[in-house]
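Colleague: Following this line is entry29.pdb, made up of PDB, C-alpha atoms, pLDDT in the B column:
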MODEL        1
ATOM      1  CA  MET A   1     -33.685  75.535 -33.245  1.00 93.00           C
ATOM      2  CA  PRO A   2     -33.073  72.445 -31.054  1.00 95.00           C
ATOM      3  CA  ARG A   3     -35.986  69.976 -30.993  1.00 96.00           C
ATOM      4  CA  VAL A   4     -36.951  66.880 -29.065  1.00 97.00           C
ATOM      5  CA  VAL A   5     -35.249  64.074 -31.000  1.00 97.00           C
ATOM      6  CA  HIS A   6     -35.596  61.013 -28.745  1.00 97.00           C
ATOM      7  CA  PHE A   7     -37.361  59.886 -25.594  1.00 97.00           C
ATOM      8  CA  ASP A   8     -36.217  57.485 -22.887  1.00 96.00           C
ATOM      9  CA  MET A   9     -38.767  55.425 -20.983  1.00 97.00           C
ATOM     10  CA  VAL A  10     -38.102  53.309 -17.914  1.00 96.00           C
ATOM     11  CA  ALA A  11     -39.810  50.181 -16.636  1.00 97.00           C
ATOM     12  CA  ASP A  12     -39.748  47.941 -13.598  1.00 96.00           C
ATOM     13  CA  ASP A  13     -40.390  44.975 -15.935  1.00 97.00           C
ATOM     14  CA  ILE A  14     -38.947  45.553 -19.404  1.00 97.00           C
ATOM     15  CA  GLU A  15     -40.660  42.542 -21.005  1.00 97.00           C
ATOM     16  CA  ARG A  16     -44.041  43.617 -19.635  1.00 97.00           C
ATOM     17  CA  ALA A  17     -43.533  47.177 -20.948  1.00 97.00           C
ATOM     18  CA  LYS A  18     -42.462  45.900 -24.369  1.00 97.00           C
ATOM     19  CA  ALA A  19     -45.551  43.693 -24.551  1.00 97.00           C
ATOM     20  CA  PHE A  20     -47.841  46.557 -23.507  1.00 97.00           C
ATOM     21  CA  TYR A  21     -46.538  49.138 -25.985  1.00 97.00           C
ATOM     22  CA  GLY A  22     -46.174  46.558 -28.731  1.00 97.00           C
ATOM     23  CA  GLU A  23     -49.793  45.417 -28.378  1.00 97.00           C
ATOM     24  CA  VAL A  24     -51.380  48.812 -27.722  1.00 95.00           C
ATOM     25  CA  PHE A  25     -49.457  50.933 -30.247  1.00 97.00           C
ATOM     26  CA  GLY A  26     -47.612  48.446 -32.460  1.00 97.00           C
ATOM     27  CA  TRP A  27     -44.206  49.782 -31.383  1.00 98.00           C
ATOM     28  CA  LYS A  28     -41.178  47.671 -32.293  1.00 98.00           C
ATOM     29  CA  PHE A  29     -38.224  47.009 -29.987  1.00 98.00           C
ATOM     30  CA  ARG A  30     -34.613  46.163 -30.856  1.00 98.00           C
ATOM     31  CA  LYS A  31     -31.942  45.516 -28.254  1.00 97.00           C
ATOM     32  CA  TYR A  32     -29.045  47.989 -28.331  1.00 95.00           C
ATOM     33  CA  GLU A  33     -25.772  46.119 -27.948  1.00 91.00           C
ATOM     34  CA  GLY A  34     -23.433  49.099 -27.568  1.00 83.00           C
ATOM     35  CA  GLY A  35     -23.884  50.000 -23.912  1.00 77.00           C
ATOM     36  CA  GLU A  36     -23.197  48.672 -20.441  1.00 81.00           C
ATOM     37  CA  GLN A  37     -26.843  48.579 -19.345  1.00 87.00           C
ATOM     38  CA  GLU A  38     -29.765  46.759 -20.966  1.00 94.00           C
ATOM     39  CA  TYR A  39     -31.327  49.197 -23.428  1.00 96.00           C
ATOM     40  CA  TRP A  40     -33.988  48.689 -26.085  1.00 97.00           C
ATOM     41  CA  LEU A  41     -34.436  51.020 -29.065  1.00 97.00           C
ATOM     42  CA  ILE A  42     -38.094  51.793 -29.782  1.00 98.00           C
ATOM     43  CA  THR A  43     -39.480  52.409 -33.269  1.00 98.00           C
ATOM     44  CA  THR A  44     -42.811  54.191 -32.927  1.00 97.00           C
ATOM     45  CA  GLY A  45     -43.690  54.604 -36.601  1.00 96.00           C
ATOM     46  CA  GLU A  46     -42.409  54.895 -40.127  1.00 93.00           C
ATOM     47  CA  ALA A  47     -41.410  57.935 -42.180  1.00 90.00           C
ATOM     48  CA  PRO A  48     -42.931  60.206 -43.354  1.00 92.00           C
ATOM     49  CA  GLU A  49     -45.267  59.985 -40.341  1.00 92.00           C
ATOM     50  CA  PRO A  50     -44.464  62.725 -37.808  1.00 93.00           C
ATOM     51  CA  GLY A  51     -43.038  61.639 -34.476  1.00 95.00           C
ATOM     52  CA  ILE A  52     -39.898  60.493 -32.717  1.00 97.00           C
ATOM     53  CA  ASP A  53     -38.481  57.172 -31.635  1.00 98.00           C
ATOM     54  CA  GLY A  54     -37.083  56.335 -28.242  1.00 98.00           C
ATOM     55  CA  GLY A  55     -35.544  53.856 -25.880  1.00 97.00           C
ATOM     56  CA  LEU A  56     -36.478  51.679 -22.920  1.00 97.00           C
ATOM     57  CA  SER A  57     -34.352  50.753 -19.919  1.00 96.00           C
ATOM     58  CA  LYS A  58     -34.718  49.470 -16.374  1.00 95.00           C
ATOM     59  CA  ARG A  59     -36.000  51.946 -13.774  1.00 94.00           C
ATOM     60  CA  THR A  60     -33.281  52.857 -11.249  1.00 91.00           C
ATOM     61  CA  PRO A  61     -32.963  55.579  -8.597  1.00 88.00           C
ATOM     62  CA  GLN A  62     -30.770  57.516 -11.056  1.00 81.00           C
ATOM     63  CA  ASN A  63     -33.197  56.877 -13.928  1.00 84.00           C
ATOM     64  CA  PRO A  64     -36.707  57.176 -12.427  1.00 80.00           C
ATOM     65  CA  ALA A  65     -38.924  58.648 -15.168  1.00 88.00           C
ATOM     66  CA  LEU A  66     -39.645  59.401 -18.809  1.00 93.00           C
ATOM     67  CA  VAL A  67     -37.086  61.836 -20.257  1.00 94.00           C
ATOM     68  CA  ASN A  68     -37.316  63.772 -23.516  1.00 97.00           C
ATOM     69  CA  ASN A  69     -33.969  64.367 -25.207  1.00 97.00           C
ATOM     70  CA  ILE A  70     -33.285  67.567 -27.135  1.00 97.00           C
ATOM     71  CA  GLY A  71     -30.799  67.549 -30.000  1.00 97.00           C
ATOM     72  CA  VAL A  72     -28.043  70.154 -29.605  1.00 97.00           C
ATOM     73  CA  LYS A  73     -24.892  71.099 -31.511  1.00 97.00           C
ATOM     74  CA  SER A  74     -22.713  70.848 -28.387  1.00 98.00           C
ATOM     75  CA  VAL A  75     -23.475  69.171 -25.065  1.00 98.00           C
ATOM     76  CA  ASP A  76     -20.683  71.214 -23.485  1.00 98.00           C
ATOM     77  CA  GLU A  77     -22.047  74.586 -24.665  1.00 98.00           C
ATOM     78  CA  SER A  78     -25.669  73.687 -23.920  1.00 98.00           C
ATOM     79  CA  SER A  79     -24.735  72.487 -20.417  1.00 98.00           C
ATOM     80  CA  GLU A  80     -23.180  75.889 -19.730  1.00 98.00           C
ATOM     81  CA  ASP A  81     -26.253  77.688 -21.154  1.00 98.00           C
ATOM     82  CA  ILE A  82     -28.523  75.576 -18.934  1.00 98.00           C
ATOM     83  CA  LYS A  83     -26.538  76.418 -15.786  1.00 98.00           C
ATOM     84  CA  ARG A  84     -26.250  80.097 -16.706  1.00 97.00           C
ATOM     85  CA  ASN A  85     -30.049  80.295 -17.041  1.00 98.00           C
ATOM     86  CA  GLY A  86     -30.922  78.662 -13.714  1.00 97.00           C
ATOM     87  CA  GLY A  87     -31.037  74.988 -14.674  1.00 97.00           C
ATOM     88  CA  LYS A  88     -28.816  72.175 -13.429  1.00 97.00           C
ATOM     89  CA  VAL A  89     -26.844  69.375 -15.028  1.00 97.00           C
ATOM     90  CA  LEU A  90     -27.686  66.206 -13.097  1.00 94.00           C
ATOM     91  CA  VAL A  91     -25.600  63.782 -15.168  1.00 94.00           C
ATOM     92  CA  PRO A  92     -22.643  65.418 -16.926  1.00 97.00           C
ATOM     93  CA  LYS A  93     -21.636  64.758 -20.519  1.00 98.00           C
ATOM     94  CA  ALA A  94     -21.200  61.057 -21.205  1.00 96.00           C
ATOM     95  CA  PRO A  95     -20.558  59.106 -24.411  1.00 96.00           C
ATOM     96  CA  ILE A  96     -22.822  56.684 -26.199  1.00 94.00           C
ATOM     97  CA  PRO A  97     -20.110  54.827 -28.155  1.00 93.00           C
ATOM     98  CA  GLY A  98     -20.467  55.274 -31.900  1.00 94.00           C
ATOM     99  CA  VAL A  99     -23.601  57.419 -31.481  1.00 94.00           C
ATOM    100  CA  GLY A 100     -22.872  60.665 -29.639  1.00 97.00           C
ATOM    101  CA  TYR A 101     -22.879  62.381 -26.245  1.00 98.00           C
ATOM    102  CA  PHE A 102     -25.635  63.109 -23.757  1.00 96.00           C
ATOM    103  CA  ALA A 103     -26.245  64.822 -20.429  1.00 97.00           C
ATOM    104  CA  VAL A 104     -29.269  64.808 -18.141  1.00 95.00           C
ATOM    105  CA  CYS A 105     -30.494  68.165 -16.899  1.00 95.00           C
ATOM    106  CA  VAL A 106     -33.284  69.836 -14.937  1.00 94.00           C
ATOM    107  CA  ASP A 107     -34.957  73.121 -15.814  1.00 96.00           C
ATOM    108  CA  THR A 108     -36.054  75.943 -13.515  1.00 95.00           C
ATOM    109  CA  GLU A 109     -39.423  74.189 -12.971  1.00 91.00           C
ATOM    110  CA  SER A 110     -37.893  70.838 -11.840  1.00 91.00           C
ATOM    111  CA  ASN A 111     -38.543  69.102 -15.183  1.00 92.00           C
ATOM    112  CA  THR A 112     -35.868  66.591 -16.118  1.00 93.00           C
ATOM    113  CA  PHE A 113     -34.718  66.456 -19.746  1.00 95.00           C
ATOM    114  CA  GLY A 114     -31.746  65.223 -21.714  1.00 96.00           C
ATOM    115  CA  ILE A 115     -29.542  66.900 -24.277  1.00 97.00           C
ATOM    116  CA  PHE A 116     -27.969  64.897 -27.085  1.00 97.00           C
ATOM    117  CA  GLN A 117     -25.169  65.635 -29.557  1.00 98.00           C
ATOM    118  CA  ASP A 118     -24.688  63.436 -32.642  1.00 97.00           C
ATOM    119  CA  ASP A 119     -21.073  62.236 -32.952  1.00 98.00           C
ATOM    120  CA  THR A 120     -20.294  58.823 -34.413  1.00 97.00           C
ATOM    121  CA  THR A 121     -16.710  59.099 -33.125  1.00 97.00           C
ATOM    122  CA  ALA A 122     -17.883  59.098 -29.471  1.00 97.00           C
ATOM    123  CA  LYS A 123     -16.089  56.499 -27.302  1.00 93.00           C
TER     124      LYS A 123
ENDMDL
END
Would you mind writing the file's structure down as structure tokens?

Modeller:
Amino acid sequence: MPRVVHFDMVADDIERAKAFYGEVFGWKFRKYEGGEQEYWLITTGEAPEPGIDGGLSKRTPQNPALVNNIGVKSVDESSEDIKRNGGKVLVPKAPIPGVGYFAVCVDTESNTFGIFQDDTTAK
């Protein structure tokens, strides 16, 4: 069963957000060097503690809010399932080089979410 595997947060001021979450919750941030936009990987805890890690990027009109990402076997198949069941694909399948593929979607209740497929060969 697909589960939430990652979250993406946005901020108007990335340094201010990093300071806030670092001080309040002890989260750690590491800059991701593999993409075109500034992106910070967030470590929220250590195994075997339950929970997920996430990422932080600059707020933009295309990227306005917190998004939970659900791990799927195939972004292509899940995108079709989403559309067939009344949802929409807002951002079609795109690669994260060396990591996998993602798409951004919206459900029937106007909730935005992402889907993510592991694939280290993604380019």

Colleague: Using the chain letters and numbers from the file, which residues does the PyMOL selection byres ((chain A and resi 63) around 10) grab, as a PyMOL selection string?

Modeller: chain A and resi 8-11+57-62+64-67+104

Colleague: Which one is closest to Tyr32 of chain A: A:Leu56, A:Val75, A:Leu90, A:Ile115? Count all atoms listed in the file.

Modeller: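 For Tyr32 of chain A, the nearest of the given residues is A:Leu56.
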
Colleague: Residues near segment 107-112 of chain A, anyone? I mean within 7 Å using all atoms listed in the file, not counting same-chain ones fewer than 4 positions away, as an NGL selection string.

Modeller: :A and (67 or 86-88)

Colleague: Measuring atom to atom with only C-alpha atoms, identify which of A:Gly114, A:Ala94, A:Gly54, A:Asp119 is nearest to Ile82 of chain A.

Modeller: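 Ranked by minimum distance to Ile82 of chain A, first place goes to A:Gly114.
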
Colleague: Determine the residue membership of the PyMOL selection byres ((chain A and resi 70-73) around 8) for the file above and supply it as a list in words.

Modeller: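 This file, filtered by the PyMOL selection byres ((chain A and resi 70-73) around 8), leaves Pro2, Arg3, Val4, Val5, His6, Asn68, Asn69, Ser74, Val75, Ser78, Phe113, Gly114, Ile115, Phe116, Gln117 and Asp118 of chain A.
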
Colleague: Could you write out the selected residues, including C-alpha atoms, as a PDB file, in the coordinates of the input?

Modeller:
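Written output follows (result-v8.pdb):
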ATOM      1  CA  PRO A   2     -33.073  72.445 -31.054  1.00 95.00           C
ATOM      2  CA  ARG A   3     -35.986  69.976 -30.993  1.00 96.00           C
ATOM      3  CA  VAL A   4     -36.951  66.880 -29.065  1.00 97.00           C
ATOM      4  CA  VAL A   5     -35.249  64.074 -31.000  1.00 97.00           C
ATOM      5  CA  HIS A   6     -35.596  61.013 -28.745  1.00 97.00           C
ATOM      6  CA  ASN A  68     -37.316  63.772 -23.516  1.00 97.00           C
ATOM      7  CA  ASN A  69     -33.969  64.367 -25.207  1.00 97.00           C
ATOM      8  CA  SER A  74     -22.713  70.848 -28.387  1.00 98.00           C
ATOM      9  CA  VAL A  75     -23.475  69.171 -25.065  1.00 98.00           C
ATOM     10  CA  SER A  78     -25.669  73.687 -23.920  1.00 98.00           C
ATOM     11  CA  PHE A 113     -34.718  66.456 -19.746  1.00 95.00           C
ATOM     12  CA  GLY A 114     -31.746  65.223 -21.714  1.00 96.00           C
ATOM     13  CA  ILE A 115     -29.542  66.900 -24.277  1.00 97.00           C
ATOM     14  CA  PHE A 116     -27.969  64.897 -27.085  1.00 97.00           C
ATOM     15  CA  GLN A 117     -25.169  65.635 -29.557  1.00 98.00           C
ATOM     16  CA  ASP A 118     -24.688  63.436 -32.642  1.00 97.00           C
TER      17      ASP A 118
END

Colleague: So, counting only C-alpha atoms, which residue among A:Phe7, A:Arg16, A:Glu36, A:Asn85 is closest to Gly51 of chain A?

Modeller: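 Closest to Gly51 of chain A of all the choices is A:Phe7.
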
Colleague: I need the residue nearest Pro97 of chain A from this list: A:Ala47, A:Ala122, A:Met1, A:Leu41. Use all atoms listed in the file for the distance.

Modeller: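 Among the listed residues, A:Ala122 lies closest to Pro97 of chain A.
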
Colleague: Do you have the atom CA of Gly55 of chain A-atom CA of Ile42 of chain A distance handy?

Modeller: 5.1 Å

Colleague: Determine the residue membership of the PyMOL selection byres ((chain A and resi 27-29) around 9) for the file above and supply it as an NGL selection string.

Modeller: :A and (18 or 21-26 or 30-31 or 40-45 or 55-56)

Colleague: So, counting all atoms listed in the file, which residue among A:Asp12, A:Asp76, A:Glu33, A:Glu38 is closest to Gly98 of chain A?

Modeller: A:Glu33

Colleague: Draw an axis-aligned box over all listed atoms of segment 30-45 of chain A, pad each side with 4 Å, and write its centre and edge lengths in Å, one decimal, as lines of an AutoDock Vina configuration file.

Modeller:
center_x = -33.4
center_y = 50.1
center_z = -28.0
size_x = 28.5
size_y = 17.1
size_z = 25.3

Colleague: Pick the closest to Ile96 of chain A from A:Gln37, A:Lys123, A:Asp53, A:Glu15: which is it, counting all atoms listed in the file?

Modeller: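 Closest to Ile96 of chain A, using all atoms listed in the file: A:Lys123.
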
Colleague: Atom CA of Tyr101 of chain A to atom CA of Gly34 of chain A: how many Å, to one decimal?

Modeller: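 So the answer is 13.4 Å.
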